[in-house]
file input.json (JSON, C-alpha atoms)
[["chain", "number", "residue", "atom", "x", "y", "z"],
["S", 1, "MET", "CA", 83.64, 90.81, 113.75],
["S", 2, "PHE", "CA", 84.82, 88.28, 111.22],
["S", 3, "SER", "CA", 88.28, 87.30, 110.20],
["S", 4, "VAL", "CA", 89.64, 86.68, 106.75],
["S", 5, "LEU", "CA", 93.00, 85.30, 105.77],
["S", 6, "LEU", "CA", 93.59, 87.42, 102.72],
["S", 7, "PHE", "CA", 96.61, 85.76, 101.28],
["S", 8, "LEU", "CA", 98.06, 82.31, 101.86],
["S", 9, "LEU", "CA", 100.61, 80.62, 99.65],
["S", 10, "ALA", "CA", 100.55, 76.85, 99.65],
["S", 11, "SER", "CA", 101.93, 73.94, 97.72],
["S", 12, "THR", "CA", 103.01, 70.41, 98.49],
["S", 13, "ARG", "CA", 105.59, 69.89, 101.25],
["S", 14, "SER", "CA", 108.09, 68.34, 98.83],
["S", 15, "GLU", "CA", 108.45, 71.60, 96.91],
["S", 16, "PRO", "CA", 111.11, 74.12, 97.94],
["S", 17, "PHE", "CA", 110.21, 77.65, 99.01],
["S", 18, "PRO", "CA", 109.33, 79.93, 96.11],
["S", 19, "PRO", "CA", 112.08, 82.35, 95.02],
["S", 20, "GLY", "CA", 112.56, 85.13, 97.56],
["S", 21, "TYR", "CA", 111.54, 83.06, 100.60],
["S", 22, "HIS", "CA", 113.94, 81.90, 103.27],
["S", 23, "ASP", "CA", 113.99, 81.12, 107.00],
["S", 24, "ARG", "CA", 116.51, 81.65, 109.74],
["S", 25, "PRO", "CA", 116.22, 80.56, 113.37],
["S", 26, "GLY", "CA", 116.25, 83.10, 116.16],
["S", 27, "PHE", "CA", 115.10, 83.99, 119.65],
["S", 28, "SER", "CA", 112.78, 86.79, 120.68],
["S", 29, "ASP", "CA", 113.59, 89.23, 123.49],
["S", 30, "ASP", "CA", 111.77, 86.97, 125.96],
["S", 31, "GLY", "CA", 113.78, 83.89, 124.90],
["S", 32, "THR", "CA", 111.07, 82.27, 122.77],
["S", 33, "HIS", "CA", 112.41, 80.21, 119.85],
["S", 34, "VAL", "CA", 111.22, 81.83, 116.61],
["S", 35, "ILE", "CA", 111.61, 81.43, 112.87],
["S", 36, "ILE", "CA", 112.32, 84.64, 110.98],
["S", 37, "ARG", "CA", 110.85, 84.17, 107.53],
["S", 38, "THR", "CA", 111.73, 86.61, 104.77],
["S", 39, "ALA", "CA", 109.46, 86.64, 101.75],
["S", 40, "LEU", "CA", 108.78, 88.82, 98.74],
["S", 41, "TRP", "CA", 105.39, 90.52, 98.96],
["S", 42, "ASP", "CA", 103.55, 93.07, 96.84],
["S", 43, "ASP", "CA", 105.00, 96.56, 97.36],
["S", 44, "PHE", "CA", 101.67, 98.22, 96.38],
["S", 45, "ASN", "CA", 103.37, 99.77, 93.34],
["S", 46, "GLY", "CA", 103.49, 96.76, 91.02],
["S", 47, "GLY", "CA", 106.75, 95.36, 92.39],
["S", 48, "LYS", "CA", 107.92, 93.13, 95.20],
["S", 49, "ALA", "CA", 109.55, 93.99, 98.53],
["S", 50, "PRO", "CA", 111.22, 91.70, 101.11],
["S", 51, "VAL", "CA", 109.22, 91.53, 104.35],
["S", 52, "GLU", "CA", 110.22, 89.60, 107.49],
["S", 53, "GLN", "CA", 107.71, 87.75, 109.64],
["S", 54, "VAL", "CA", 108.60, 86.48, 113.11],
["S", 55, "LEU", "CA", 106.83, 83.12, 113.48],
["S", 56, "ILE", "CA", 106.54, 80.95, 116.59],
["S", 57, "PRO", "CA", 106.67, 77.22, 115.81],
["S", 58, "ASN", "CA", 103.88, 75.22, 117.47],
["S", 59, "GLU", "CA", 104.13, 71.57, 118.52],
["S", 60, "ASP", "CA", 101.73, 70.49, 115.76],
["S", 61, "GLY", "CA", 103.98, 71.96, 113.04],
["S", 62, "SER", "CA", 101.94, 75.13, 112.54],
["S", 63, "PHE", "CA", 103.32, 78.63, 113.04],
["S", 64, "ALA", "CA", 101.81, 81.40, 115.15],
["S", 65, "TYR", "CA", 102.05, 84.96, 113.85],
["S", 66, "GLN", "CA", 101.65, 87.60, 116.55],
["S", 67, "TYR", "CA", 101.33, 91.16, 115.31],
["S", 68, "ALA", "CA", 102.90, 92.62, 118.47],
["S", 69, "ARG", "CA", 106.10, 90.54, 118.01],
["S", 70, "GLN", "CA", 106.82, 91.93, 114.55],
["S", 71, "SER", "CA", 109.30, 94.65, 113.66],
["S", 72, "ARG", "CA", 107.95, 98.15, 113.11],
["S", 73, "ALA", "CA", 108.44, 97.74, 109.35],
["S", 74, "THR", "CA", 106.47, 94.47, 109.31],
["S", 75, "ARG", "CA", 103.66, 95.94, 111.43],
["S", 76, "MET", "CA", 103.46, 98.90, 109.03],
["S", 77, "TYR", "CA", 103.36, 96.58, 106.01],
["S", 78, "HIS", "CA", 100.66, 94.39, 107.60],
["S", 79, "ALA", "CA", 98.56, 97.43, 108.59],
["S", 80, "THR", "CA", 98.87, 98.90, 105.08],
["S", 81, "TYR", "CA", 97.94, 95.57, 103.49],
["S", 82, "CYS", "CA", 94.82, 95.34, 105.65],
["S", 83, "TRP", "CA", 93.96, 99.02, 105.23],
["S", 84, "PHE", "CA", 93.78, 98.52, 101.43],
["S", 85, "HIS", "CA", 90.96, 96.05, 102.19],
["S", 86, "GLN", "CA", 89.33, 98.27, 104.85],
["S", 87, "MET", "CA", 90.41, 95.91, 107.64],
["S", 88, "TYR", "CA", 92.70, 95.69, 110.66],
["S", 89, "PRO", "CA", 95.75, 93.43, 111.24],
["S", 90, "GLU", "CA", 95.16, 90.31, 113.36],
["S", 91, "ASP", "CA", 97.22, 87.49, 114.84],
["S", 92, "SER", "CA", 97.00, 84.19, 112.98],
["S", 93, "THR", "CA", 98.17, 80.59, 112.77],
["S", 94, "SER", "CA", 99.53, 79.12, 109.53],
["S", 95, "SER", "CA", 99.42, 75.38, 109.03],
["S", 96, "GLY", "CA", 99.33, 72.73, 106.39],
["S", 97, "PRO", "CA", 101.82, 71.24, 103.98],
["S", 98, "GLY", "CA", 103.87, 73.85, 102.18],
["S", 99, "THR", "CA", 102.29, 76.86, 103.89],
["S", 100, "TYR", "CA", 104.69, 79.76, 103.53],
["S", 101, "GLY", "CA", 102.98, 82.76, 105.07],
["S", 102, "GLY", "CA", 100.08, 85.12, 104.94],
["S", 103, "TRP", "CA", 98.42, 88.19, 106.37],
["S", 104, "SER", "CA", 95.33, 87.96, 108.54],
["S", 105, "CYS", "CA", 92.98, 90.92, 108.61],
["S", 106, "GLY", "CA", 89.69, 91.45, 110.42],
["S", 107, "ARG", "CA", 86.86, 93.85, 109.89],
["S", 108, "SER", "CA", 84.91, 95.73, 112.48],
["S", 109, "THR", "CA", 81.73, 97.54, 111.53],
["S", 110, "GLU", "CA", 81.96, 99.66, 114.70],
["S", 111, "HIS", "CA", 85.40, 101.18, 114.05],
["S", 112, "PRO", "CA", 86.50, 101.44, 110.42],
["S", 113, "PRO", "CA", 90.29, 101.39, 109.95],
["S", 114, "ALA", "CA", 92.22, 104.65, 109.85],
["S", 115, "PRO", "CA", 94.81, 105.14, 107.10],
["S", 116, "PRO", "CA", 98.34, 104.02, 108.08],
["S", 117, "ALA", "CA", 100.55, 106.75, 109.53]]
call {"tool": "encode", "arguments": {"input": "input.json", "output": "structure tokens"}}
result
Amino acid sequence: MFSVLLFLLASTRSEPFPPGYHDRPGFSDDGTHVIIRTALWDDFNGGKAPVEQVLIPNEDGSFAYQYARQSRATRMYHATYCWFHQMYPEDSTSSGPGTYGGWSCGRSTEHPPAPPA
């Protein structure tokens, strides 16, 4: 199985978030400090839709994205995004100056993805 990060927005750290992106601090049900990042993503119909990602800050400044920690709506969006590329959603880590977010998808030749429900 191989993993592909299909979409990653990046720019220099001195630049502000692109329009439609913003963060708010929060805590998960288990008490973990998280960042809830809202961003505008493709709505698969030529427009944009706001999607929230729950990100866990790491000590090195990167963010961990865990599929299981996401809201149902975010999991459905991620699964649909990957399904369009014949892949499955995966956990990921985003790092680097100005990294805003992304969707990690993996492909398995043994079990092709089923369409989202």
call {"tool": "axis_aligned_box", "arguments": {"input": "input.json", "around": "stretch 53-70 of chain S", "padding_each_side": "8 Å", "output": "AutoDock Vina command-line options"}}
result
--center_x 105.0 --center_y 81.6 --center_z 114.1 --size_x 23.3 --size_y 38.1 --size_z 24.9
call {"tool": "residues_around", "arguments": {"input": "input.json", "residues": "S:Tyr88", "least_positions_apart": "2", "cutoff": "6 Å", "atoms": "all atoms listed in the file", "output": "list in words"}}
result
Cys82, Cys105 and Gly106 of chain S
call {"tool": "closest_residue", "arguments": {"input": "input.json", "among": "S:Ser62, S:Ser94, S:Ser104, S:Thr99", "to": "S:Ala79", "atoms": "all atoms listed in the file"}}
result
S:Ser104
call {"tool": "residues_around", "arguments": {"input": "input.json", "residues": "S:His33", "least_positions_apart": "2", "cutoff": "9 Å", "atoms": "all atoms listed in the file", "output": "MDAnalysis selection string"}}
result
chainID S and resid 25:28 31 35 55:57
call {"tool": "atom_distance", "arguments": {"input": "input.json", "atom1": "atom CA of S:Arg72", "atom2": "atom CA of S:Glu59"}}
result
27.4 Å
call {"tool": "closest_residue", "arguments": {"input": "input.json", "among": "S:Thr38, S:Ser92, S:Lys48, S:Tyr77", "to": "S:Ala64", "atoms": "only C-alpha atoms"}}
result
S:Ser92
call {"tool": "closest_residue", "arguments": {"input": "input.json", "among": "S:Arg107, S:Gly47, S:Gly101, S:Arg75", "to": "S:Tyr21", "atoms": "only C-alpha atoms"}}
result
S:Gly101
call {"tool": "closest_residue", "arguments": {"input": "input.json", "among": "S:Phe84, S:Arg69, S:Pro89, S:Ala49", "to": "S:Thr32", "atoms": "only C-alpha atoms"}}
result
S:Arg69
call {"tool": "atom_distance", "arguments": {"input": "input.json", "atom1": "atom CA of S:Leu40", "atom2": "atom CA of S:Glu52"}}
result
8.9 Å
call {"tool": "atom_distance", "arguments": {"input": "input.json", "atom1": "atom CA of S:Ala39", "atom2": "atom CA of S:His22"}}
result
6.7 Å
call {"tool": "closest_residue", "arguments": {"input": "input.json", "among": "S:Arg24, S:Pro19, S:Tyr67, S:Thr80", "to": "S:Pro50", "atoms": "only C-alpha atoms"}}
result
S:Pro19
call {"tool": "closest_residue", "arguments": {"input": "input.json", "among": "S:Asn45, S:Ala73, S:Val54, S:Gly61", "to": "S:Asp29", "atoms": "all atoms listed in the file"}}
result
S:Val54
call {"tool": "build_atoms", "arguments": {"input": "input.json", "residues": "stretch 18-36 of chain S", "atoms": "N, CA and C atoms", "output": "PDB file, keeping the file's coordinate frame"}}
result
ATOM      1  N   PRO S  18     109.260  79.152  97.345  1.00  0.00           N
ATOM      2  CA  PRO S  18     109.330  79.930  96.110  1.00  0.00           C
ATOM      3  C   PRO S  18     110.524  80.882  96.156  1.00  0.00           C
ATOM      4  N   PRO S  19     110.970  81.378  95.015  1.00  0.00           N
ATOM      5  CA  PRO S  19     112.080  82.350  95.020  1.00  0.00           C
ATOM      6  C   PRO S  19     111.750  83.536  95.925  1.00  0.00           C
ATOM      7  N   GLY S  20     112.735  83.982  96.671  1.00  0.00           N
ATOM      8  CA  GLY S  20     112.560  85.130  97.560  1.00  0.00           C
ATOM      9  C   GLY S  20     112.152  84.780  98.971  1.00  0.00           C
ATOM     10  N   TYR S  21     111.918  83.499  99.258  1.00  0.00           N
ATOM     11  CA  TYR S  21     111.540  83.060 100.600  1.00  0.00           C
ATOM     12  C   TYR S  21     112.711  82.354 101.260  1.00  0.00           C
ATOM     13  N   HIS S  22     112.970  82.678 102.512  1.00  0.00           N
ATOM     14  CA  HIS S  22     113.940  81.900 103.270  1.00  0.00           C
ATOM     15  C   HIS S  22     113.704  82.105 104.769  1.00  0.00           C
ATOM     16  N   ASP S  23     114.148  81.121 105.543  1.00  0.00           N
ATOM     17  CA  ASP S  23     113.990  81.120 107.000  1.00  0.00           C
ATOM     18  C   ASP S  23     115.350  81.189 107.681  1.00  0.00           C
ATOM     19  N   ARG S  24     115.350  81.752 108.863  1.00  0.00           N
ATOM     20  CA  ARG S  24     116.510  81.650 109.740  1.00  0.00           C
ATOM     21  C   ARG S  24     116.003  81.535 111.172  1.00  0.00           C
ATOM     22  N   PRO S  25     116.655  80.714 111.984  1.00  0.00           N
ATOM     23  CA  PRO S  25     116.220  80.560 113.370  1.00  0.00           C
ATOM     24  C   PRO S  25     116.635  81.769 114.192  1.00  0.00           C
ATOM     25  N   GLY S  26     115.922  81.999 115.264  1.00  0.00           N
ATOM     26  CA  GLY S  26     116.250  83.100 116.160  1.00  0.00           C
ATOM     27  C   GLY S  26     115.550  82.956 117.487  1.00  0.00           C
ATOM     28  N   PHE S  27     115.754  83.930 118.345  1.00  0.00           N
ATOM     29  CA  PHE S  27     115.100  83.990 119.650  1.00  0.00           C
ATOM     30  C   PHE S  27     114.555  85.392 119.842  1.00  0.00           C
ATOM     31  N   SER S  28     113.369  85.482 120.390  1.00  0.00           N
ATOM     32  CA  SER S  28     112.780  86.790 120.680  1.00  0.00           C
ATOM     33  C   SER S  28     113.399  87.349 121.953  1.00  0.00           C
ATOM     34  N   ASP S  29     113.059  88.579 122.285  1.00  0.00           N
ATOM     35  CA  ASP S  29     113.590  89.230 123.490  1.00  0.00           C
ATOM     36  C   ASP S  29     113.271  88.459 124.760  1.00  0.00           C
ATOM     37  N   ASP S  30     112.148  87.733 124.767  1.00  0.00           N
ATOM     38  CA  ASP S  30     111.770  86.970 125.960  1.00  0.00           C
ATOM     39  C   ASP S  30     112.303  85.537 125.946  1.00  0.00           C
ATOM     40  N   GLY S  31     113.170  85.210 124.964  1.00  0.00           N
ATOM     41  CA  GLY S  31     113.780  83.890 124.900  1.00  0.00           C
ATOM     42  C   GLY S  31     113.005  82.851 124.137  1.00  0.00           C
ATOM     43  N   THR S  32     111.874  83.208 123.554  1.00  0.00           N
ATOM     44  CA  THR S  32     111.070  82.270 122.770  1.00  0.00           C
ATOM     45  C   THR S  32     111.780  81.938 121.467  1.00  0.00           C
ATOM     46  N   HIS S  33     111.848  80.643 121.138  1.00  0.00           N
ATOM     47  CA  HIS S  33     112.410  80.210 119.850  1.00  0.00           C
ATOM     48  C   HIS S  33     111.483  80.680 118.744  1.00  0.00           C
ATOM     49  N   VAL S  34     112.021  81.331 117.729  1.00  0.00           N
ATOM     50  CA  VAL S  34     111.220  81.830 116.610  1.00  0.00           C
ATOM     51  C   VAL S  34     111.901  81.474 115.291  1.00  0.00           C
ATOM     52  N   ILE S  35     111.121  81.533 114.246  1.00  0.00           N
ATOM     53  CA  ILE S  35     111.610  81.430 112.870  1.00  0.00           C
ATOM     54  C   ILE S  35     111.395  82.801 112.244  1.00  0.00           C
ATOM     55  N   ILE S  36     112.446  83.353 111.666  1.00  0.00           N
ATOM     56  CA  ILE S  36     112.320  84.640 110.980  1.00  0.00           C
ATOM     57  C   ILE S  36     112.265  84.324 109.490  1.00  0.00           C
TER      58      ILE S  36
END
